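Shown next: start11.txt, given as compact mmCIF, C-alpha atoms.
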# COMPACT_ATOMS: atom_id res chain seq x y z
CA MET Q 1291 -16.90 152.30 -199.37
CA SER Q 1292 -18.16 155.88 -198.80
CA TRP Q 1293 -17.40 157.84 -195.66
CA VAL Q 1294 -21.02 157.50 -194.55
CA GLN Q 1295 -20.97 153.73 -194.96
CA GLU Q 1296 -17.61 153.48 -193.24
CA TYR Q 1297 -18.85 155.68 -190.40
CA LYS Q 1298 -21.86 153.41 -189.91
CA SER Q 1299 -19.59 150.36 -189.89
CA SER Q 1300 -17.59 151.94 -187.06
CA LEU Q 1301 -20.70 152.14 -184.86
CA LYS Q 1302 -22.45 149.55 -182.74
CA MET Q 1303 -26.17 149.03 -183.34
CA ILE Q 1304 -27.97 152.33 -183.89
CA GLU Q 1305 -30.71 151.26 -181.46
CA ILE Q 1306 -28.32 151.18 -178.50
CA GLU Q 1307 -26.31 154.31 -179.33
CA GLU Q 1308 -26.82 157.42 -177.23
CA LEU Q 1309 -28.25 160.41 -179.10
CA PHE Q 1310 -25.38 162.77 -178.23
CA ASP Q 1311 -22.90 160.13 -179.39
CA LEU Q 1312 -24.63 159.84 -182.75
CA ILE Q 1313 -25.03 163.54 -183.47
CA PHE Q 1314 -21.86 164.96 -181.89
CA TYR Q 1315 -19.17 162.84 -180.25
CA ARG Q 1316 -18.95 159.93 -182.68
CA PRO Q 1317 -18.89 162.09 -185.85
CA LEU Q 1318 -15.98 164.06 -184.35
CA ALA Q 1319 -14.36 160.79 -183.29
CA TYR Q 1320 -14.74 159.42 -186.80
CA ILE Q 1321 -12.94 162.44 -188.29
CA PHE Q 1322 -10.14 161.93 -185.76
CA VAL Q 1323 -9.97 158.22 -186.59
CA LYS Q 1324 -9.73 158.97 -190.32
CA ILE Q 1325 -6.80 161.31 -189.63
CA ILE Q 1326 -4.85 158.79 -187.53
CA PHE Q 1327 -5.90 155.68 -189.47
CA PRO Q 1328 -2.66 155.49 -191.55
CA THR Q 1329 -0.52 155.78 -188.39
CA ASN Q 1330 0.55 153.11 -185.89
CA ILE Q 1331 -1.56 154.59 -183.10
CA THR Q 1332 -3.47 151.80 -181.37
CA PRO Q 1333 -6.93 151.83 -179.72
CA ASN Q 1334 -5.30 151.13 -176.34
CA GLN Q 1335 -3.06 154.19 -176.70
CA ILE Q 1336 -6.12 156.34 -177.43
CA THR Q 1337 -7.91 154.88 -174.40
CA SER Q 1338 -4.93 155.67 -172.16
CA PHE Q 1339 -4.69 159.24 -173.45
CA ALA Q 1340 -8.45 159.71 -173.04
CA LEU Q 1341 -8.16 158.51 -169.45
CA ILE Q 1342 -5.46 161.11 -168.70
CA ILE Q 1343 -7.50 163.92 -170.30
CA GLY Q 1344 -10.66 162.90 -168.43
CA VAL Q 1345 -8.95 162.68 -165.04
CA ILE Q 1346 -7.36 166.12 -165.55
CA GLY Q 1347 -10.80 167.47 -166.43
CA GLY Q 1348 -12.18 166.03 -163.19
CA ILE Q 1349 -9.35 167.55 -161.15
CA LEU Q 1350 -10.04 171.03 -162.59
CA TYR Q 1351 -13.42 171.04 -160.82
CA VAL Q 1352 -11.49 171.43 -157.57
CA PHE Q 1353 -10.74 175.08 -158.42
CA ASN Q 1354 -14.48 175.93 -158.68
CA THR Q 1355 -14.31 179.09 -160.78
CA HIS Q 1356 -16.32 179.62 -163.94
CA LEU Q 1357 -13.15 179.67 -166.03
CA PHE Q 1358 -11.97 176.36 -164.60
CA LEU Q 1359 -15.45 174.84 -165.04
CA ILE Q 1360 -15.33 175.79 -168.72
CA ALA Q 1361 -11.84 174.29 -169.02
CA ALA Q 1362 -12.97 171.10 -167.23
CA ALA Q 1363 -16.06 170.78 -169.46
CA THR Q 1364 -13.96 171.27 -172.60
CA LEU Q 1365 -11.53 168.55 -171.53
CA LEU Q 1366 -14.47 166.23 -170.86
CA ILE Q 1367 -15.68 166.82 -174.42
CA VAL Q 1368 -12.22 165.85 -175.69
CA TYR Q 1369 -12.29 162.83 -173.38
CA ASP Q 1370 -15.64 161.65 -174.72
CA VAL Q 1371 -14.55 162.08 -178.34
CA LEU Q 1372 -11.40 160.03 -177.67
CA ASP Q 1373 -13.46 157.50 -175.71
CA CYS Q 1374 -15.55 156.99 -178.85
CA SER Q 1375 -12.48 156.92 -181.10
CA ASP Q 1376 -10.79 153.87 -179.60
CA GLY Q 1377 -13.73 151.57 -180.31
CA GLN Q 1378 -14.27 153.00 -183.79
CA LEU Q 1379 -10.60 152.52 -184.67
CA ALA Q 1380 -10.65 148.97 -183.31
CA ARG Q 1381 -13.74 148.09 -185.36
CA LEU Q 1382 -12.36 149.62 -188.57
CA LYS Q 1383 -8.88 148.10 -188.21
CA LYS Q 1384 -10.21 144.93 -186.57
CA ASN Q 1385 -7.38 145.11 -184.05
CA GLY Q 1386 -9.30 145.33 -180.79
CA THR Q 1387 -8.03 143.30 -177.85
CA PHE Q 1388 -9.61 141.67 -174.81
CA PHE Q 1389 -7.66 143.94 -172.48
CA GLY Q 1390 -8.51 147.00 -174.56
CA ARG Q 1391 -12.22 146.29 -174.20
CA ILE Q 1392 -11.87 146.09 -170.44
CA LEU Q 1393 -9.53 149.11 -170.18
CA ASP Q 1394 -12.07 151.18 -172.11
CA GLY Q 1395 -14.76 150.30 -169.58
CA VAL Q 1396 -12.62 150.79 -166.48
CA SER Q 1397 -11.36 154.20 -167.65
CA ASP Q 1398 -14.92 155.53 -167.30
CA TYR Q 1399 -14.86 154.65 -163.58
CA PHE Q 1400 -11.63 156.53 -162.98
CA VAL Q 1401 -12.84 159.62 -164.84
CA SER Q 1402 -16.22 159.59 -163.07
CA THR Q 1403 -14.49 159.25 -159.70
CA ALA Q 1404 -12.18 162.18 -160.49
CA VAL Q 1405 -15.14 164.32 -161.61
CA TYR Q 1406 -17.28 163.72 -158.52
CA LEU Q 1407 -14.35 164.14 -156.13
CA GLY Q 1408 -13.47 167.37 -157.95
CA ILE Q 1409 -17.05 168.67 -157.68
CA GLY Q 1410 -17.17 167.69 -154.02
CA VAL Q 1411 -13.91 169.38 -153.06
CA GLY Q 1412 -14.46 172.42 -155.26
CA PHE Q 1413 -18.21 173.07 -155.28
CA ALA Q 1414 -19.68 171.30 -152.25
CA SER Q 1415 -16.92 172.25 -149.81
CA ASN Q 1416 -17.21 175.92 -150.77
CA SER Q 1417 -21.02 176.10 -150.74
CA ASN Q 1418 -23.14 177.68 -148.02
CA ASP Q 1419 -24.05 174.16 -146.78
CA PRO Q 1420 -21.08 171.82 -147.42
CA LEU Q 1421 -22.59 168.78 -145.70
CA PHE Q 1422 -25.82 168.99 -147.71
CA TYR Q 1423 -24.07 169.45 -151.04
CA TRP Q 1424 -21.52 166.71 -150.32
CA GLY Q 1425 -24.54 164.47 -149.77
CA LEU Q 1426 -25.91 165.56 -153.16
CA VAL Q 1427 -22.55 164.86 -154.81
CA ILE Q 1428 -22.44 161.35 -153.31
CA LEU Q 1429 -26.04 160.64 -154.31
CA ALA Q 1430 -25.39 161.96 -157.83
CA GLY Q 1431 -22.32 159.74 -158.12
CA ILE Q 1432 -24.25 156.68 -156.97
CA THR Q 1433 -27.07 157.58 -159.36
CA ASN Q 1434 -24.62 157.89 -162.25
CA ALA Q 1435 -23.11 154.47 -161.47
CA VAL Q 1436 -26.49 152.74 -161.11
CA HIS Q 1437 -27.77 154.29 -164.34
CA SER Q 1438 -24.64 153.17 -166.19
CA ILE Q 1439 -24.92 149.63 -164.83
CA THR Q 1440 -28.62 149.49 -165.69
CA LEU Q 1441 -28.06 150.69 -169.24
CA ASP Q 1442 -25.17 148.24 -169.75
CA TYR Q 1443 -27.41 145.43 -168.60
CA TYR Q 1444 -30.32 146.28 -170.90
CA ARG Q 1445 -27.97 146.95 -173.81
CA ASN Q 1446 -26.32 143.55 -173.46
CA ARG Q 1447 -29.68 141.89 -173.07
CA PHE Q 1448 -31.02 143.62 -176.19
CA LEU Q 1449 -27.92 142.71 -178.23
CA ASP Q 1450 -28.08 139.08 -177.11
CA TYR Q 1451 -31.58 138.75 -178.53
CA ALA Q 1452 -31.27 141.09 -181.52
CA LEU Q 1453 -28.02 139.46 -182.71
CA ASN Q 1454 -28.98 136.01 -181.46
CA ARG Q 1455 -25.80 135.81 -179.41
CA GLU Q 1456 -25.17 132.63 -177.51
CA SER Q 1457 -24.12 134.13 -174.18
CA LEU Q 1458 -25.68 136.58 -171.80
CA LEU Q 1459 -24.01 138.63 -169.09
CA GLY Q 1460 -23.62 135.74 -166.67
CA ASP Q 1461 -21.65 133.76 -169.24
CA ASN Q 1462 -19.36 136.71 -169.96
CA LEU Q 1463 -18.21 136.61 -166.35
CA LYS Q 1464 -16.70 133.19 -166.99
CA GLU Q 1465 -14.56 134.70 -169.75
CA PHE Q 1466 -13.29 137.43 -167.43
CA GLU Q 1467 -12.58 134.96 -164.61
CA ALA Q 1468 -10.71 132.61 -166.95
CA LYS Q 1469 -8.64 135.47 -168.33
CA LEU Q 1470 -7.76 136.72 -164.84
CA LYS Q 1471 -6.78 133.22 -163.73
CA ASN Q 1472 -4.61 132.80 -166.82
CA GLU Q 1473 -2.90 136.14 -166.17
CA LYS Q 1474 -2.17 135.14 -162.56
CA ASN Q 1475 -0.82 131.71 -163.52
CA SER Q 1476 1.43 133.15 -166.21
CA GLY Q 1477 2.65 136.01 -164.02
CA GLY Q 1478 1.13 138.53 -166.40
CA ASN Q 1479 1.34 142.30 -166.16
CA TYR Q 1480 0.16 143.45 -162.71
CA PHE Q 1481 -1.64 146.51 -164.12
CA GLN Q 1482 -3.58 144.39 -166.59
CA ARG Q 1483 -4.51 141.97 -163.81
CA LEU Q 1484 -5.76 144.87 -161.68
CA ILE Q 1485 -7.87 146.27 -164.54
CA ILE Q 1486 -9.40 142.86 -165.30
CA TRP Q 1487 -10.11 142.34 -161.58
CA LEU Q 1488 -11.87 145.72 -161.33
CA TYR Q 1489 -13.94 145.03 -164.42
CA LEU Q 1490 -14.87 141.59 -163.11
CA LYS Q 1491 -16.08 143.14 -159.85
CA TYR Q 1492 -18.10 145.69 -161.82
CA SER Q 1493 -19.66 142.99 -164.00
CA LYS Q 1494 -20.64 140.95 -160.96
CA LEU Q 1495 -22.23 144.02 -159.39
CA GLN Q 1496 -24.05 144.69 -162.66
CA LEU Q 1497 -25.44 141.17 -162.64
CA LYS Q 1498 -26.41 141.36 -158.95
CA LEU Q 1499 -28.32 144.61 -159.43
CA SER Q 1500 -30.17 143.03 -162.33
CA GLN Q 1501 -31.47 140.06 -160.35
CA SER Q 1502 -34.92 141.59 -160.02
CA SER Q 1503 -35.36 140.89 -163.74
CA ILE Q 1504 -33.15 137.89 -164.50
CA GLU Q 1505 -29.87 136.59 -163.13
CA THR Q 1506 -28.40 134.23 -165.67
CA GLU Q 1507 -31.28 134.35 -168.11
CA THR Q 1508 -31.60 131.67 -170.69
CA LYS Q 1509 -33.12 132.92 -173.91
CA LYS Q 1510 -36.73 132.52 -172.95
CA TYR Q 1511 -38.12 135.17 -175.33
CA ASP Q 1512 -38.79 134.94 -179.03
CA SER Q 1513 -35.96 136.91 -180.67
CA ASP Q 1514 -38.03 138.58 -183.39
CA ASP Q 1515 -40.78 139.65 -181.01
CA PHE Q 1516 -38.20 140.77 -178.45
CA TYR Q 1517 -36.51 143.05 -180.99
CA LYS Q 1518 -39.84 144.52 -182.12
CA LYS Q 1519 -41.11 145.15 -178.59
CA HIS Q 1520 -37.86 146.38 -177.04
CA LYS Q 1521 -36.18 148.49 -179.75
CA ARG Q 1522 -38.03 151.63 -178.63
CA ILE Q 1523 -37.59 151.22 -174.88
CA ILE Q 1524 -33.85 150.58 -175.26
CA HIS Q 1525 -33.57 153.96 -176.99
CA PHE Q 1526 -35.17 155.67 -173.99
CA TRP Q 1527 -32.81 153.81 -171.64
CA THR Q 1528 -29.87 155.38 -173.48
CA TYR Q 1529 -30.81 158.82 -172.12
CA LEU Q 1530 -29.52 157.53 -168.78
CA GLY Q 1531 -26.22 156.60 -170.38
CA PRO Q 1532 -22.80 157.97 -169.39
CA THR Q 1533 -22.55 160.22 -172.46
CA SER Q 1534 -25.98 161.78 -171.89
CA GLU Q 1535 -25.29 162.47 -168.23
CA LEU Q 1536 -21.78 163.71 -169.00
CA THR Q 1537 -23.26 166.11 -171.55
CA PHE Q 1538 -25.69 167.33 -168.90
CA LEU Q 1539 -22.70 168.04 -166.64
CA ILE Q 1540 -20.82 169.79 -169.46
CA ILE Q 1541 -23.78 172.10 -170.17
CA CYS Q 1542 -24.20 172.92 -166.46
CA SER Q 1543 -20.46 173.60 -166.21
CA TYR Q 1544 -20.55 176.05 -169.12
CA ILE Q 1545 -23.40 178.00 -167.51
CA ASN Q 1546 -21.76 177.75 -164.05
CA ARG Q 1547 -24.69 175.87 -162.44
CA LEU Q 1548 -23.39 172.65 -160.93
CA ASP Q 1549 -26.32 172.80 -158.50
CA ILE Q 1550 -28.71 172.19 -161.41
CA TYR Q 1551 -26.68 169.15 -162.42
CA LEU Q 1552 -26.72 167.65 -158.92
CA TYR Q 1553 -30.44 168.28 -158.33
CA GLY Q 1554 -31.28 166.98 -161.80
CA MET Q 1555 -29.32 163.77 -161.34
CA VAL Q 1556 -30.79 162.98 -157.94
CA THR Q 1557 -34.43 163.88 -158.68
CA VAL Q 1558 -35.50 164.17 -162.34
CA LEU Q 1559 -33.34 161.42 -163.79
CA ASN Q 1560 -34.14 158.96 -161.01
CA VAL Q 1561 -37.87 159.52 -161.51
CA TYR Q 1562 -37.32 159.01 -165.24
CA ALA Q 1563 -35.44 155.74 -164.51
CA LEU Q 1564 -38.26 154.49 -162.28
CA VAL Q 1565 -40.88 155.22 -164.95
CA LEU Q 1566 -38.77 153.40 -167.56
CA TYR Q 1567 -38.37 150.41 -165.25
CA LEU Q 1568 -42.15 150.11 -164.80
CA ILE Q 1569 -42.69 150.36 -168.57
CA GLN Q 1570 -39.91 147.79 -169.14
CA ARG Q 1571 -41.66 145.30 -166.86
CA ARG Q 1572 -44.90 145.65 -168.83
CA ILE Q 1573 -43.03 145.13 -172.10
CA ASN Q 1574 -41.30 142.04 -170.69
CA HIS Q 1575 -44.66 140.52 -169.78
CA SER Q 1576 -46.06 141.23 -173.25
CA THR Q 1577 -43.13 139.68 -175.14
CA LYS Q 1578 -43.68 136.26 -176.66
CA LEU Q 1579 -41.85 133.35 -175.13
CA ALA Q 1580 -39.52 131.27 -177.24
CA ASN Q 1581 -40.54 127.83 -178.43
CA ILE Q 1582 -38.06 125.71 -176.48
CA LYS Q 1583 -37.78 122.17 -177.75

File written out as C-alpha cells:
Amino acid sequence: MSWVQEYKSSLKMIEIEELFDLIFYRPLAYIFVKIIFPTNITPNQITSFALIIGVIGGILYVFNTHLFLIAAATLLIVYDVLDCSDGQLARLKKNGTFFGRILDGVSDYFVSTAVYLGIGVGFASNSNDPLFYWGLVILAGITNAVHSITLDYYRNRFLDYALNRESLLGDNLKEFEAKLKNEKNSGGNYFQRLIIWLYLKYSKLQLKLSQSSIETETKKYDSDDFYKKHKRIIHFWTYLGPTSELTFLIICSYINRLDIYLYGMVTVLNVYALVLYLIQRRINHSTKLANIK
C-alpha cells in the first residue's frame, strides 16, 4: 500500500473532513504517525499529551502579549496535529478503544475552556471595556460550542445514511449509558467514569439542540438520494467545525488581533450558520423519502 493510499485509509469520509484538516493538520499528523507507528505509543497516550499541550496553550493567553499569543497559537497547532494523530493511529493499527473515542471528544472541551478563560483573563480583563469584551468572550465560547454540536449532529446524520449505519445519535446514547452503568457496577476507574459521564451529558445536549430537525430519527430518507443531496451542504457545515474555528483563532493570535476573532465568531459565523440552517431545511424537504415496508 502506498503512502497516499495509507493516508486516505487513516481518514474518515472526505465529505465530512474539515478543509484545514485535509490540507494541513492531518498530513502533518500522518507523518507523525508514520514515525511512531513501530513504537508502543498508544492513541490514548497521544490524546492525553495533546490535552496537556492544548491546555497549556490556553493558559498562555492569560499573559496577553504578542509573544505569548504566538506561543499559544503554536501550541494549539501542535495540539490539533496530535488530536488528529490519535484517531489516525487507531484506524491504522485498529487498536482504538471505547474510552479512547470518548476521551478524544472530551479533551476538546477542556482545551476550549482553557482557551476562552485565558482570553477572558488576559485580553478582556485588560481591554478598555472589560465587561463588554468578557461578554464577547462568553458569546464566542457559546457560539463555538453550539457550532461544534451542530456539526457533530449533521456529520453523524450524514454518516448514518451514507454508510447505511443502523443507529443514529439517539441509539448511541444507550451505548454510553450502558458503559457508564457497567463501570459503576464493576467499580471501574473513577476518571474513566467521569469522562464517560461528561461525554454522555454532551451527547444528550447535542440531541436536545437537534430536536428542531429530528430527535431520534428513524431512517425516513432514501439513502442514495440523501447522499446526493446532502454531500455538498455537509462540506459547508464543516467550516463551522472546531478545527476551522481554531485556525481562525490561531491566525488572529499571530497577527495580535483577538478582537477580530471574537467579533467574527459572534457575528459573521453565526450569520453563516443561520444561512446554512435555512438551506439545510430546504434540502431536507427536497430529499426523497425511503420506501418503508

Exercise. Restricting the calculation to all atoms listed in the file, which member of Q:Asp1373, Q:Ile1326, Q:Leu1357, Q:Gly1412 is positioned closest to Asp1311 of chain Q?
Worked result: Q:Asp1373

Seminar exercise, completed: Among Q:Ile1342, Q:Val1396, Q:Leu1382, Q:Leu1568, Leu1484 of chain Q is approached most closely, using only C-alpha atoms, by Q:Val1396

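Using all atoms listed in the file, the nearest neighbour of Ile1304 of chain Q within the list Q:Thr1557, Q:Ser1438, Q:Thr1332, Q:Thr1528 is Q:Thr1528.
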
Can you pull out the residues contacting Phe1526 of chain Q? Cut-off 12 Å, using only C-alpha atoms, and skip same-chain residues under 4 positions away; I want them as a PDB file with C-alpha atoms, keeping the file's coordinate frame.
ATOM      1  CA  GLU Q1305     -30.710 151.260-181.460  1.00  0.00           C
ATOM      2  CA  ILE Q1306     -28.320 151.180-178.500  1.00  0.00           C
ATOM      3  CA  GLU Q1307     -26.310 154.310-179.330  1.00  0.00           C
ATOM      4  CA  GLU Q1308     -26.820 157.420-177.230  1.00  0.00           C
ATOM      5  CA  LEU Q1309     -28.250 160.410-179.100  1.00  0.00           C
ATOM      6  CA  LEU Q1441     -28.060 150.690-169.240  1.00  0.00           C
ATOM      7  CA  TYR Q1444     -30.320 146.280-170.900  1.00  0.00           C
ATOM      8  CA  ARG Q1445     -27.970 146.950-173.810  1.00  0.00           C
ATOM      9  CA  HIS Q1520     -37.860 146.380-177.040  1.00  0.00           C
ATOM     10  CA  LYS Q1521     -36.180 148.490-179.750  1.00  0.00           C
ATOM     11  CA  ARG Q1522     -38.030 151.630-178.630  1.00  0.00           C
ATOM     12  CA  LEU Q1530     -29.520 157.530-168.780  1.00  0.00           C
ATOM     13  CA  GLY Q1531     -26.220 156.600-170.380  1.00  0.00           C
ATOM     14  CA  SER Q1534     -25.980 161.780-171.890  1.00  0.00           C
ATOM     15  CA  LEU Q1559     -33.340 161.420-163.790  1.00  0.00           C
ATOM     16  CA  TYR Q1562     -37.320 159.010-165.240  1.00  0.00           C
ATOM     17  CA  ALA Q1563     -35.440 155.740-164.510  1.00  0.00           C
ATOM     18  CA  VAL Q1565     -40.880 155.220-164.950  1.00  0.00           C
ATOM     19  CA  LEU Q1566     -38.770 153.400-167.560  1.00  0.00           C
ATOM     20  CA  TYR Q1567     -38.370 150.410-165.250  1.00  0.00           C
ATOM     21  CA  ILE Q1569     -42.690 150.360-168.570  1.00  0.00           C
ATOM     22  CA  GLN Q1570     -39.910 147.790-169.140  1.00  0.00           C
TER      23      GLN Q1570
END

Exercise. Just how far from atom CA of Gly1347 of chain Q is atom CA of Ala1361 of chain Q, in Å to one decimal?
Worked result: 7.4 Å

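Here atom CA of Ala1380 of chain Q stands at a distance of 19.9 Å from atom CA of Asp1442 of chain Q.
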
Exercise. With only C-alpha atoms as the basis for distance, which of Q:Ile1360, Q:Leu1536, Q:Leu1379, Q:Leu1426 is at the shortest distance from Tyr1320 of chain Q?
Worked result: Q:Leu1379

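For the residues Q:Ser1476, Q:Ser1513, Q:Ser1415, Q:Ser1402, ranking by smallest atom-to-atom distance to Thr1533 of chain Q using only C-alpha atoms places Q:Ser1402 first.
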
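Atom CA of Thr1440 of chain Q sits 20.0 Å away from atom CA of Tyr1551 of chain Q.
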
Please enclose the listed atoms of segment 1523-1530 of chain Q in an axis-aligned box, pad each side by 8 Å, and write out the centre and the three edge lengths in Å, rounded to one decimal, as lines of an AutoDock Vina configuration file.
center_x = -33.6
center_y = 154.7
center_z = -172.9
size_x = 24.1
size_y = 24.2
size_z = 24.2
